[in-house]
file target_5.csv (CSV, C-alpha atoms)
chain,number,residue,atom,x,y,z
A,1,MET,CA,0.0,0.0,0.0
A,2,ARG,CA,1.1,3.6,-0.6
A,3,TRP,CA,1.5,6.0,2.3
A,4,LYS,CA,2.1,9.7,2.6
A,5,ILE,CA,4.4,10.6,5.5
A,6,VAL,CA,3.3,13.8,7.2
A,7,TYR,CA,5.9,14.2,9.9
A,8,PRO,CA,6.7,17.6,11.5
A,9,SER,CA,10.4,16.9,12.1
A,10,GLN,CA,11.1,15.9,8.5
A,11,ARG,CA,11.9,18.9,6.4
A,12,ALA,CA,14.3,17.5,3.8
A,13,PRO,CA,12.9,15.5,0.8
A,14,ARG,CA,14.8,12.4,2.0
A,15,MET,CA,15.5,11.6,5.6
A,16,PRO,CA,16.4,8.3,7.3
A,17,TRP,CA,13.5,6.7,9.3
A,18,MET,CA,12.2,3.3,10.3
A,19,THR,CA,10.3,3.0,7.0
A,20,ASP,CA,13.7,2.5,5.3
A,21,HIS,CA,13.8,-1.0,7.0
A,22,ILE,CA,10.4,-2.2,5.8
A,23,PRO,CA,10.9,-4.7,3.0
A,24,PRO,CA,10.4,-3.1,-0.5
A,25,GLY,CA,7.1,-3.8,-2.1
A,26,ARG,CA,5.2,-4.3,1.1
A,27,HIS,CA,4.5,-0.6,1.6
A,28,VAL,CA,5.6,2.4,-0.4
A,29,PHE,CA,6.2,5.8,1.3
A,30,ASP,CA,6.2,9.4,-0.1
A,31,LEU,CA,7.3,12.2,2.2
A,32,ILE,CA,5.4,15.4,2.4
A,33,PRO,CA,8.1,17.6,3.9
A,34,ALA,CA,7.4,20.2,6.6
A,35,ASP,CA,8.1,23.8,5.7
A,36,TYR,CA,8.3,25.0,9.3
A,37,ALA,CA,10.4,24.4,12.4
A,38,HIS,CA,8.9,21.9,14.8
A,39,ASP,CA,10.1,22.9,18.3
A,40,ARG,CA,9.5,20.1,20.8
A,41,SER,CA,10.9,22.2,23.7
A,42,ARG,CA,8.1,24.9,23.6
A,43,PRO,CA,5.8,25.0,26.7
A,44,ARG,CA,2.7,25.2,24.5
A,45,THR,CA,1.7,25.4,20.9
A,46,SER,CA,1.1,29.0,19.7
A,47,ALA,CA,-1.6,30.1,17.2
A,48,ARG,CA,1.1,30.4,14.5
A,49,GLN,CA,2.3,26.9,15.1
A,50,TRP,CA,-1.2,25.5,15.0
A,51,LEU,CA,-1.6,27.2,11.6
A,52,ASP,CA,1.7,25.6,10.4
A,53,TYR,CA,0.4,22.2,11.4
A,54,LEU,CA,-3.0,22.8,9.7
A,55,ARG,CA,-1.3,23.8,6.5
A,56,HIS,CA,1.0,20.7,6.6
A,57,ALA,CA,-1.9,18.4,7.4
A,58,TRP,CA,-3.9,19.9,4.5
A,59,ARG,CA,-1.0,19.4,2.0
A,60,GLY,CA,-0.6,15.8,3.1
A,61,TRP,CA,-4.3,15.1,2.9
A,62,ARG,CA,-4.6,16.7,-0.5
A,63,ALA,CA,-1.6,14.7,-1.8
A,64,ALA,CA,-3.2,11.5,-0.6
A,65,ALA,CA,-6.6,12.4,-2.1
A,66,ARG,CA,-5.1,13.3,-5.5
A,67,ASP,CA,-2.7,10.4,-5.8
A,68,PRO,CA,-4.1,8.2,-8.7
A,69,ARG,CA,-2.5,5.1,-7.2
A,70,GLN,CA,-5.2,4.5,-4.6
A,71,PRO,CA,-5.6,3.4,-1.9
A,72,VAL,CA,-3.4,5.8,0.0
A,73,GLY,CA,-2.9,6.1,3.7
A,74,ILE,CA,-1.1,8.6,5.9
A,75,VAL,CA,1.6,8.2,8.5
A,76,THR,CA,1.9,11.1,10.9
A,77,ALA,CA,3.2,11.9,14.4
A,78,PHE,CA,2.6,13.9,17.6
A,79,PRO,CA,-0.7,15.3,18.6
A,80,GLN,CA,-1.3,18.3,16.4
A,81,LEU,CA,-1.1,16.8,12.9
A,82,PRO,CA,-3.2,13.7,13.6
A,83,VAL,CA,-5.9,15.9,15.1
A,84,PHE,CA,-6.3,17.9,11.8
A,85,LEU,CA,-5.9,14.8,9.6
A,86,GLY,CA,-8.5,12.9,11.6
A,87,LEU,CA,-10.9,15.9,11.2
A,88,PHE,CA,-10.4,15.8,7.5
A,89,ASN,CA,-11.1,12.1,7.5
A,90,ARG,CA,-14.3,12.5,9.4
A,91,LEU,CA,-15.5,15.5,7.4
A,92,THR,CA,-15.1,13.7,4.1
A,93,GLY,CA,-16.9,10.6,5.4
A,94,GLY,CA,-13.9,8.5,4.4
A,95,ARG,CA,-12.1,5.6,5.9
A,96,ARG,CA,-8.6,6.6,4.9
A,97,PRO,CA,-6.1,4.7,7.0
A,98,ILE,CA,-4.1,7.0,9.3
A,99,LEU,CA,-1.4,6.0,11.7
A,100,CYS,CA,0.1,8.4,14.2
A,101,TRP,CA,3.6,7.5,15.4
A,102,SER,CA,4.9,8.8,18.7
A,103,PHE,CA,1.5,10.1,20.0
A,104,ASN,CA,2.0,12.1,23.2
A,105,LEU,CA,-0.1,14.9,24.6
A,106,GLY,CA,2.6,16.1,27.0
A,107,ARG,CA,-0.1,17.0,29.5
A,108,ALA,CA,-3.8,16.2,30.0
A,109,TYR,CA,-5.6,19.2,28.5
A,110,GLY,CA,-9.2,20.3,29.1
A,111,GLY,CA,-11.6,22.8,27.5
A,112,TRP,CA,-11.5,23.4,23.8
A,113,ARG,CA,-8.2,21.6,23.3
A,114,ALA,CA,-9.7,18.4,24.7
A,115,ARG,CA,-12.8,18.7,22.6
A,116,LEU,CA,-10.7,19.4,19.4
A,117,ALA,CA,-8.5,16.4,20.2
A,118,ARG,CA,-11.4,14.0,20.8
A,119,ALA,CA,-13.1,15.1,17.6
A,120,GLY,CA,-10.1,14.8,15.4
A,121,LEU,CA,-8.5,11.7,16.8
A,122,ALA,CA,-11.7,9.8,16.4
A,123,GLY,CA,-10.8,9.8,12.7
A,124,VAL,CA,-7.3,8.2,13.2
A,125,GLY,CA,-7.0,4.5,12.9
A,126,ARG,CA,-4.0,3.8,15.0
A,127,LEU,CA,-2.2,5.8,17.7
A,128,VAL,CA,1.3,4.5,18.6
A,129,VAL,CA,2.4,5.4,22.1
A,130,HIS,CA,5.8,4.8,23.7
A,131,SER,CA,4.7,3.7,27.2
A,132,ARG,CA,2.4,0.9,28.1
A,133,ARG,CA,0.4,2.9,30.7
A,134,GLU,CA,-0.5,5.5,28.1
A,135,VAL,CA,-2.7,3.0,26.3
A,136,GLU,CA,-5.2,2.9,29.1
A,137,SER,CA,-4.8,6.6,30.1
A,138,TYR,CA,-5.3,8.0,26.6
A,139,ALA,CA,-8.2,5.7,25.8
A,140,ALA,CA,-10.0,6.9,28.9
A,141,LEU,CA,-9.0,10.6,28.5
A,142,LEU,CA,-10.0,10.8,24.8
A,143,GLY,CA,-13.0,8.4,24.9
A,144,LEU,CA,-11.5,6.2,22.2
A,145,PRO,CA,-11.5,2.4,22.0
A,146,ARG,CA,-8.5,0.9,23.6
A,147,GLU,CA,-7.7,-1.0,20.4
A,148,ARG,CA,-6.9,2.3,18.6
A,149,PHE,CA,-3.7,2.6,20.8
A,150,VAL,CA,-0.7,0.3,20.6
A,151,PHE,CA,2.5,0.4,22.6
A,152,LEU,CA,5.8,0.3,20.5
A,153,PRO,CA,9.1,1.5,22.1
A,154,PHE,CA,10.5,4.8,21.1
A,155,SER,CA,13.3,4.4,18.6
A,156,VAL,CA,16.3,6.4,17.2
A,157,ARG,CA,19.0,5.8,14.6
A,158,PRO,CA,21.9,3.9,16.1
A,159,LEU,CA,24.4,6.1,17.8
A,160,ALA,CA,28.1,5.2,18.3
A,161,PRO,CA,30.0,6.4,21.4
A,162,SER,CA,33.0,8.4,20.3
A,163,LEU,CA,34.1,10.4,23.4
A,164,PRO,CA,35.4,9.5,26.8
A,165,GLU,CA,34.2,10.7,30.2
A,166,GLU,CA,35.5,14.0,31.3
A,167,GLU,CA,38.1,13.2,34.0
A,168,GLU,CA,39.7,16.6,34.9
A,169,ALA,CA,36.4,18.5,35.4
A,170,PRO,CA,33.6,15.9,35.9
A,171,PHE,CA,30.0,17.0,36.0
A,172,VAL,CA,26.4,15.8,36.3
A,173,LEU,CA,24.3,16.4,33.2
A,174,ALA,CA,20.5,16.7,32.8
A,175,MET,CA,18.9,17.5,29.4
A,176,GLY,CA,15.4,18.2,28.1
A,177,THR,CA,12.6,20.6,28.7
A,178,ALA,CA,9.3,18.7,28.6
A,179,ARG,CA,7.9,18.2,32.2
A,180,ARG,CA,11.4,18.1,33.8
A,181,ASP,CA,11.7,18.2,37.6
A,182,TYR,CA,14.6,20.5,37.8
A,183,ALA,CA,13.5,21.8,41.2
A,184,THR,CA,14.2,18.3,42.8
A,185,LEU,CA,17.5,18.0,40.8
A,186,LEU,CA,18.8,21.3,41.9
A,187,ARG,CA,18.1,20.5,45.6
A,188,ALA,CA,19.9,17.2,45.1
A,189,LEU,CA,22.9,18.8,43.6
A,190,ALA,CA,23.0,21.5,46.3
A,191,ARG,CA,23.0,18.7,48.9
A,192,LEU,CA,25.9,17.0,47.2
A,193,GLY,CA,27.8,20.1,46.1
A,194,LEU,CA,28.5,18.5,42.7
A,195,PRO,CA,29.0,20.5,39.5
A,196,GLY,CA,26.1,20.2,37.1
A,197,VAL,CA,25.1,21.2,33.6
A,198,ILE,CA,21.4,21.6,32.6
A,199,VAL,CA,20.6,21.7,28.9
A,200,ALA,CA,17.1,23.1,28.4
A,201,GLY,CA,14.9,26.0,27.3
A,202,PRO,CA,15.1,28.8,29.9
A,203,HIS,CA,11.3,28.4,30.6
A,204,ALA,CA,12.0,24.9,32.0
A,205,LEU,CA,13.8,26.6,35.0
A,206,GLU,CA,11.5,29.5,35.4
A,207,GLY,CA,11.3,30.5,39.1
A,208,LEU,CA,14.3,28.4,40.0
A,209,GLU,CA,17.6,29.8,41.2
A,210,LEU,CA,20.7,28.0,39.9
A,211,PRO,CA,23.5,27.6,42.4
A,212,ALA,CA,27.0,28.7,41.3
A,213,HIS,CA,28.1,25.2,40.6
A,214,VAL,CA,25.3,24.5,38.1
A,215,ALA,CA,25.3,26.0,34.6
A,216,LEU,CA,22.4,26.3,32.2
A,217,ARG,CA,23.0,25.9,28.5
A,218,SER,CA,20.3,26.4,25.7
A,219,HIS,CA,20.0,26.1,22.0
A,220,LEU,CA,22.6,23.4,21.6
A,221,SER,CA,22.8,21.3,18.4
A,222,LEU,CA,22.0,17.6,18.6
A,223,GLU,CA,25.7,16.8,18.1
A,224,GLU,CA,26.6,19.0,21.1
A,225,CYS,CA,24.0,17.3,23.3
A,226,HIS,CA,25.4,13.9,22.3
A,227,ALA,CA,28.9,15.0,23.1
A,228,LEU,CA,27.9,16.3,26.6
A,229,ALA,CA,26.1,13.1,27.3
A,230,GLN,CA,29.3,11.2,26.7
A,231,ARG,CA,31.5,13.6,28.6
A,232,ALA,CA,29.3,13.7,31.7
A,233,ARG,CA,30.1,11.4,34.6
A,234,VAL,CA,26.4,11.0,35.5
A,235,ASN,CA,23.4,11.6,33.3
A,236,VAL,CA,20.1,12.4,35.0
A,237,VAL,CA,16.5,12.5,33.6
A,238,PRO,CA,14.4,14.0,36.4
A,239,VAL,CA,10.7,14.1,35.4
A,240,ASP,CA,7.6,15.4,37.2
A,241,ASN,CA,4.8,13.9,35.2
A,242,ASP,CA,2.4,11.3,36.4
A,243,SER,CA,-0.2,11.2,33.6
A,244,THR,CA,1.7,11.3,30.3
A,245,ALA,CA,5.2,10.1,29.3
A,246,SER,CA,8.2,12.4,29.2
A,247,GLY,CA,11.9,11.9,28.9
A,248,GLN,CA,12.1,8.8,26.6
A,249,VAL,CA,14.2,10.7,23.9
A,250,THR,CA,16.9,11.6,26.4
A,251,ILE,CA,16.8,8.2,28.1
A,252,VAL,CA,17.1,6.2,24.9
A,253,GLU,CA,19.8,8.3,23.3
A,254,THR,CA,21.9,8.3,26.5
A,255,MET,CA,21.5,4.5,26.7
A,256,MET,CA,22.5,4.2,23.0
A,257,LEU,CA,25.7,6.2,23.8
A,258,GLY,CA,26.6,3.6,26.4
A,259,ARG,CA,26.1,5.8,29.4
A,260,ALA,CA,24.3,4.9,32.7
A,261,VAL,CA,21.3,7.1,33.4
A,262,VAL,CA,19.5,8.0,36.6
A,263,ALA,CA,15.8,8.5,35.8
A,264,THR,CA,12.6,9.2,37.7
A,265,ARG,CA,10.6,6.1,37.9
A,266,GLY,CA,7.3,6.7,36.1
A,267,ILE,CA,5.3,6.3,32.9
A,268,GLY,CA,8.1,7.5,30.7
A,269,SER,CA,10.9,5.4,32.0
A,270,GLU,CA,9.6,2.1,33.3
A,271,ASP,CA,9.5,0.5,29.8
A,272,TYR,CA,13.1,1.5,29.1
A,273,VAL,CA,15.2,1.3,32.2
A,274,ALA,CA,15.6,-1.8,34.3
A,275,ASP,CA,16.6,-0.6,37.7
A,276,GLY,CA,20.1,-1.8,38.7
A,277,GLU,CA,20.6,-3.5,35.2
A,278,THR,CA,20.5,-0.8,32.6
A,279,GLY,CA,20.3,2.3,34.8
A,280,LEU,CA,18.9,3.5,38.1
A,281,LEU,CA,15.3,4.5,38.8
A,282,VAL,CA,14.3,6.8,41.7
A,283,PRO,CA,10.9,7.7,43.1
A,284,PRO,CA,9.3,11.0,41.8
A,285,ARG,CA,10.1,14.2,43.7
A,286,ASP,CA,12.4,12.4,46.1
A,287,GLU,CA,15.4,14.6,46.6
A,288,ALA,CA,17.2,12.2,49.0
A,289,ALA,CA,16.8,9.2,46.7
A,290,LEU,CA,17.9,11.2,43.7
A,291,ALA,CA,21.0,12.5,45.5
A,292,ALA,CA,21.9,9.0,46.7
A,293,ALA,CA,21.6,7.5,43.1
A,294,ILE,CA,23.7,10.3,41.6
A,295,LEU,CA,26.4,9.9,44.3
A,296,ARG,CA,26.4,6.1,43.8
A,297,LEU,CA,27.2,6.5,40.2
A,298,TRP,CA,29.6,9.4,40.7
A,299,GLU,CA,31.8,7.3,43.1
A,300,ASP,CA,31.7,4.0,41.2
A,301,ALA,CA,33.3,3.9,37.8
A,302,ALA,CA,32.8,0.1,37.5
A,303,LEU,CA,29.1,0.5,38.1
A,304,ARG,CA,28.9,3.3,35.5
A,305,ARG,CA,30.7,1.1,33.0
A,306,ARG,CA,28.6,-2.0,33.7
A,307,LEU,CA,25.2,-0.2,33.5
A,308,GLY,CA,26.3,1.8,30.4
A,309,GLU,CA,27.4,-1.3,28.5
A,310,ALA,CA,24.2,-3.1,29.4
A,311,ALA,CA,22.1,0.0,28.5
A,312,ARG,CA,23.8,0.2,25.0
A,313,ALA,CA,23.2,-3.5,24.3
A,314,HIS,CA,19.6,-3.2,25.3
A,315,ALA,CA,19.0,0.0,23.3
A,316,LEU,CA,20.6,-1.5,20.1
A,317,ALA,CA,18.4,-4.6,20.4
A,318,HIS,CA,15.1,-2.8,21.1
A,319,PHE,CA,15.2,1.0,20.4
A,320,THR,CA,16.5,1.4,16.9
A,321,PHE,CA,14.6,2.2,13.6
A,322,GLU,CA,15.4,-1.3,12.4
A,323,ALA,CA,13.9,-2.9,15.5
A,324,SER,CA,10.7,-0.8,15.2
A,325,ALA,CA,10.3,-1.5,11.4
A,326,ALA,CA,8.6,-4.9,11.7
A,327,PRO,CA,6.0,-3.9,14.4
A,328,LEU,CA,5.3,-0.7,12.4
A,329,ALA,CA,4.8,-2.7,9.2
A,330,ALA,CA,2.4,-5.0,11.1
A,331,GLU,CA,0.3,-2.1,12.2
A,332,LEU,CA,0.2,-0.7,8.6
A,333,ASP,CA,-0.8,-4.1,7.4
A,334,ARG,CA,-3.8,-4.1,9.7
A,335,LEU,CA,-4.9,-0.6,8.7
A,336,ALA,CA,-4.5,-1.6,5.0
A,337,ARG,CA,-7.0,-4.4,5.7
A,338,GLY,CA,-9.4,-2.0,7.3
A,339,GLU,CA,-8.9,-3.2,10.9
A,340,TRP,CA,-9.6,-0.1,12.9

call {"tool": "encode", "arguments": {"input": "target_5.csv", "output": "structure tokens"}}
result
Amino acid sequence: MRWKIVYPSQRAPRMPWMTDHIPPGRHVFDLIPADYAHDRSRPRTSARQWLDYLRHAWRGWRAAARDPRQPVGIVTAFPQLPVFLGLFNRLTGGRRPILCWSFNLGRAYGGWRARLARAGLAGVGRLVVHSRREVESYAALLGLPRERFVFLPFSVRPLAPSLPEEEEAPFVLAMGTARRDYATLLRALARLGLPGVIVAGPHALEGLELPAHVALRSHLSLEECHALAQRARVNVVPVDNDSTASGQVTIVETMMLGRAVVATRGIGSEDYVADGETGLLVPPRDEAALAAAILRLWEDAALRRRLGEAARAHALAHFTFEASAAPLAAELDRLARGEW
């Protein structure tokens, strides 16, 4: 079957993705590139950004409708694009297959956002989430059948470690903006007196005072982030989010780079980190437990090495584009058969 890819992060005519690993002939993919910048770190979607998503969704929908090689489905991602594509599907009375990869609301909205989401997503055949608990929570929140949601692990292209740990000036690193619990992290670092670096949008630390031994860095390239993750003695992903998943991107990429991670135990980490085997998990908002886990890794190079090696092996086996291709193809097969 032929599919149009309407993905906000893909702006070039050709970009590597998991569809490259689906056997030729089974499904064919055409990219409808984005002509705008998709910023995942923003605290909320602005009116201008909603307009960008609407235009992109319309271009994808029109390309699918006008393609003479019918039937044509659509593969999209994140919450905004599938909302509009689902609305188009419902308004035209069609049953065009639509799959949304990496569906995540970020937070449980109410009001007009919730009404818009429910109306649009009712027209989407499959919503892929990256944590098991989101299947039940989103089905209940959006009033959609549980069968519309499927858990598949988050995946990235394989990353190869290339840099050693910083030895002369070691530091603790935390990266990411979405629903991060930097308040608890800062208290833990203050208790330990350890140097830290936080890579995030400034709004993620709004109202917080950074101690002198913690630096904030923003607007770094992906390559710079990967370099910092490798140079850090300890990587931390502190999250304050009980209802939706956050932090998987940072967790998976850190694991892929062969580094041990300390993460908040919760909906976004429990499907990725095995406590004591591929990383360390700590309870939410527990300053003492977070400080103890950081110190444990800080003082034990052998433990860092053992957890990092196990994390990389696990990530390469389960969290790559190639590993996700087969289950993605299976979901596309079901939609092509009208199973939604």

call {"tool": "closest_residue", "arguments": {"input": "target_5.csv", "among": "A:Ala174, A:Val83, A:His219, A:Ala293", "to": "Thr254 of chain A", "atoms": "only C-alpha atoms"}}
result
A:Ala174

call {"tool": "atom_distance", "arguments": {"input": "target_5.csv", "atom1": "atom CA of Val172 of chain A", "atom2": "atom CA of Arg231 of chain A"}}
result
9.5 Å

call {"tool": "residues_around", "arguments": {"input": "target_5.csv", "residues": "Ala330 of chain A", "least_positions_apart": "2", "cutoff": "12 Å", "atoms": "only C-alpha atoms", "output": "PDB file with C-alpha atoms, in the frame of the given file"}}
result
ATOM      1  CA  THR A  19      10.300   3.000   7.000  1.00  0.00           C
ATOM      2  CA  ILE A  22      10.400  -2.200   5.800  1.00  0.00           C
ATOM      3  CA  PRO A  23      10.900  -4.700   3.000  1.00  0.00           C
ATOM      4  CA  ARG A  26       5.200  -4.300   1.100  1.00  0.00           C
ATOM      5  CA  HIS A  27       4.500  -0.600   1.600  1.00  0.00           C
ATOM      6  CA  LEU A  99      -1.400   6.000  11.700  1.00  0.00           C
ATOM      7  CA  ARG A 126      -4.000   3.800  15.000  1.00  0.00           C
ATOM      8  CA  VAL A 150      -0.700   0.300  20.600  1.00  0.00           C
ATOM      9  CA  LEU A 152       5.800   0.300  20.500  1.00  0.00           C
ATOM     10  CA  SER A 324      10.700  -0.800  15.200  1.00  0.00           C
ATOM     11  CA  ALA A 325      10.300  -1.500  11.400  1.00  0.00           C
ATOM     12  CA  ALA A 326       8.600  -4.900  11.700  1.00  0.00           C
ATOM     13  CA  PRO A 327       6.000  -3.900  14.400  1.00  0.00           C
ATOM     14  CA  LEU A 328       5.300  -0.700  12.400  1.00  0.00           C
ATOM     15  CA  LEU A 332       0.200  -0.700   8.600  1.00  0.00           C
ATOM     16  CA  ASP A 333      -0.800  -4.100   7.400  1.00  0.00           C
ATOM     17  CA  ARG A 334      -3.800  -4.100   9.700  1.00  0.00           C
ATOM     18  CA  LEU A 335      -4.900  -0.600   8.700  1.00  0.00           C
ATOM     19  CA  ALA A 336      -4.500  -1.600   5.000  1.00  0.00           C
ATOM     20  CA  ARG A 337      -7.000  -4.400   5.700  1.00  0.00           C
ATOM     21  CA  GLU A 339      -8.900  -3.200  10.900  1.00  0.00           C
TER      22      GLU A 339
END

call {"tool": "closest_residue", "arguments": {"input": "target_5.csv", "among": "A:Leu257, A:Leu192, A:Gly338, A:Val273", "to": "Arg296 of chain A", "atoms": "all atoms listed in the file"}}
result
A:Leu192

call {"tool": "residues_around", "arguments": {"input": "target_5.csv", "residues": "Ser9 of chain A", "least_positions_apart": "3", "cutoff": "9 Å", "atoms": "all atoms listed in the file", "output": "ChimeraX atom specification"}}
result
/A:33-34,36-39

call {"tool": "closest_residue", "arguments": {"input": "target_5.csv", "among": "A:Glu168, A:Ala215, A:Leu208, A:His130", "to": "Asp271 of chain A", "atoms": "only C-alpha atoms"}}
result
A:His130

call {"tool": "residues_around", "arguments": {"input": "target_5.csv", "residues": "Thr45 of chain A", "least_positions_apart": "4", "cutoff": "9 Å", "atoms": "all atoms listed in the file", "output": "list in words"}}
result
Gln49, Trp50 and Gln80 of chain A

call {"tool": "residues_near_point", "arguments": {"input": "target_5.csv", "point": "(10.4, 2.4, 45.5)", "cutoff": "9 Å", "atoms": "only C-alpha atoms", "output": "count of residues only"}}
result
4

call {"tool": "residues_around", "arguments": {"input": "target_5.csv", "residues": "Ala323 of chain A", "least_positions_apart": "6", "cutoff": "9 Å", "atoms": "all atoms listed in the file", "output": "PyMOL selection string"}}
result
chain A and resi 18+21+155+316-317

call {"tool": "closest_residue", "arguments": {"input": "target_5.csv", "among": "A:Pro284, A:Cys100, A:Ile294, A:Gly276", "to": "Leu307 of chain A", "atoms": "only C-alpha atoms"}}
result
A:Gly276

call {"tool": "atom_distance", "arguments": {"input": "target_5.csv", "atom1": "atom CA of Arg113 of chain A", "atom2": "atom CA of Ile251 of chain A"}}
result
28.8 Å

call {"tool": "closest_residue", "arguments": {"input": "target_5.csv", "among": "A:Leu159, A:Val28, A:Ala245, A:Ala77", "to": "Leu222 of chain A", "atoms": "all atoms listed in the file"}}
result
A:Leu159

call {"tool": "closest_residue", "arguments": {"input": "target_5.csv", "among": "A:Ala289, A:Leu127, A:Val261, A:Ala200", "to": "Cys225 of chain A", "atoms": "only C-alpha atoms"}}
result
A:Ala200

call {"tool": "residues_around", "arguments": {"input": "target_5.csv", "residues": "Tyr272 of chain A", "least_positions_apart": "5", "cutoff": "9 Å", "atoms": "only C-alpha atoms", "output": "number ranges by chain"}}
result
A: 131, 153, 248, 251-252, 278, 314-315, 319

call {"tool": "atom_distance", "arguments": {"input": "target_5.csv", "atom1": "atom CA of Met256 of chain A", "atom2": "atom CA of Trp101 of chain A"}}
result
20.6 Å

call {"tool": "residues_near_point", "arguments": {"input": "target_5.csv", "point": "(20.0, 21.7, 42.7)", "cutoff": "12 Å", "atoms": "all atoms listed in the file", "output": "number ranges by chain"}}
result
A: 172-174, 181-198, 205, 208-216, 238, 287-288, 290-291

call {"tool": "build_atoms", "arguments": {"input": "target_5.csv", "residues": "segment 173-184 of chain A", "atoms": "N, CA, C and O atoms", "output": "short mmCIF file (atom, residue, chain, number, x, y, z; two decimals), keeping the file's coordinate frame"}}
result
data_model
loop_
_atom_site.label_atom_id
_atom_site.label_comp_id
_atom_site.auth_asym_id
_atom_site.auth_seq_id
_atom_site.Cartn_x
_atom_site.Cartn_y
_atom_site.Cartn_z
N LEU A 173 25.00 15.79 34.32
CA LEU A 173 24.30 16.40 33.20
C LEU A 173 22.80 16.00 33.23
O LEU A 173 22.45 14.85 33.49
N ALA A 174 21.94 16.99 32.96
CA ALA A 174 20.50 16.70 32.80
C ALA A 174 20.10 17.50 31.51
O ALA A 174 20.42 18.69 31.36
N MET A 175 19.37 16.84 30.62
CA MET A 175 18.90 17.50 29.40
C MET A 175 17.44 17.30 29.17
O MET A 175 16.85 16.33 29.61
N GLY A 176 16.86 18.26 28.48
CA GLY A 176 15.40 18.20 28.10
C GLY A 176 14.62 19.24 28.79
O GLY A 176 15.00 19.80 29.82
N THR A 177 13.48 19.52 28.19
CA THR A 177 12.60 20.60 28.70
C THR A 177 11.25 20.09 29.12
O THR A 177 10.70 20.54 30.12
N ALA A 178 10.68 19.12 28.39
CA ALA A 178 9.30 18.70 28.60
C ALA A 178 9.15 18.06 30.01
O ALA A 178 9.75 17.03 30.31
N ARG A 179 8.36 18.71 30.85
CA ARG A 179 7.90 18.20 32.20
C ARG A 179 9.11 17.73 33.02
O ARG A 179 9.01 16.74 33.76
N ARG A 180 10.22 18.45 32.96
CA ARG A 180 11.40 18.10 33.80
C ARG A 180 11.21 18.59 35.21
O ARG A 180 10.67 19.67 35.45
N ASP A 181 11.72 17.81 36.15
CA ASP A 181 11.70 18.20 37.60
C ASP A 181 13.03 18.73 37.99
O ASP A 181 13.76 18.10 38.75
N TYR A 182 13.35 19.91 37.48
CA TYR A 182 14.60 20.50 37.80
C TYR A 182 14.69 21.04 39.23
O TYR A 182 15.77 21.22 39.78
N ALA A 183 13.55 21.29 39.82
CA ALA A 183 13.50 21.80 41.20
C ALA A 183 14.15 20.68 42.13
O ALA A 183 15.01 20.97 42.97
N THR A 184 13.71 19.43 41.96
CA THR A 184 14.20 18.30 42.80
C THR A 184 15.72 18.10 42.45
O THR A 184 16.54 17.87 43.35
#
